[in-house]
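Structure first, commentary second.
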Amino acid sequence: ALNRTNINMQLLTIEAAVTRKREHIYHAALLDPHTSAELPIDTIKALVDEMLEVNQHFLPDYR
């Protein structure tokens, strides 16, 4: 049960990679135990958007 919080986040990350859905990346980041404990939802989404923007040459399908 203790590991399940991390496993769920990892499964959503895989789902995002397979489906190319930005929403799954948001959900994975929101489920991360450390991130969700430290940051509000709007900030987490903004960080995901920034990460995708900076890495668009690696992740072009997430625009």
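We label chains A, B, ... in the order they appear in the structure tokens, count residues from 1 in each chain, and number ligands from 1 in the order shown.
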
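Near A:Pro33, within 12 Å and counting only C-alpha atoms, sit Leu2, Asn3, Arg4, Thr5, Asn6, Ile7, Asn8, Met9, Gln10, His27, Ala28, Glu38 and Leu39 of chain A; same-chain residues fewer than 5 positions away were not included.
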
task = Please identify all polymer residues within 7 Å of A:Lys21, counting only C-alpha atoms, omitting same-chain residues fewer than 3 positions from it, and present them as a count of residues only.
result = 3

Residue nearest A:Ala46 among A:Leu11, A:Val18, A:Ala1, A:Tyr26 (counting only C-alpha atoms) = A:Tyr26

message = Between A:Ala17, A:Leu12, A:Ile44, A:Ala37, which residue has the minimum interatomic distance to A:Pro60, considering only C-alpha atoms?
response =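 Looking only at the distances to A:Pro60, the closest residue turns out to be A:Ala17.
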
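Reported to one decimal place, the separation of atom CA of A:His57 from atom CA of A:His34 is 27.3 Å.
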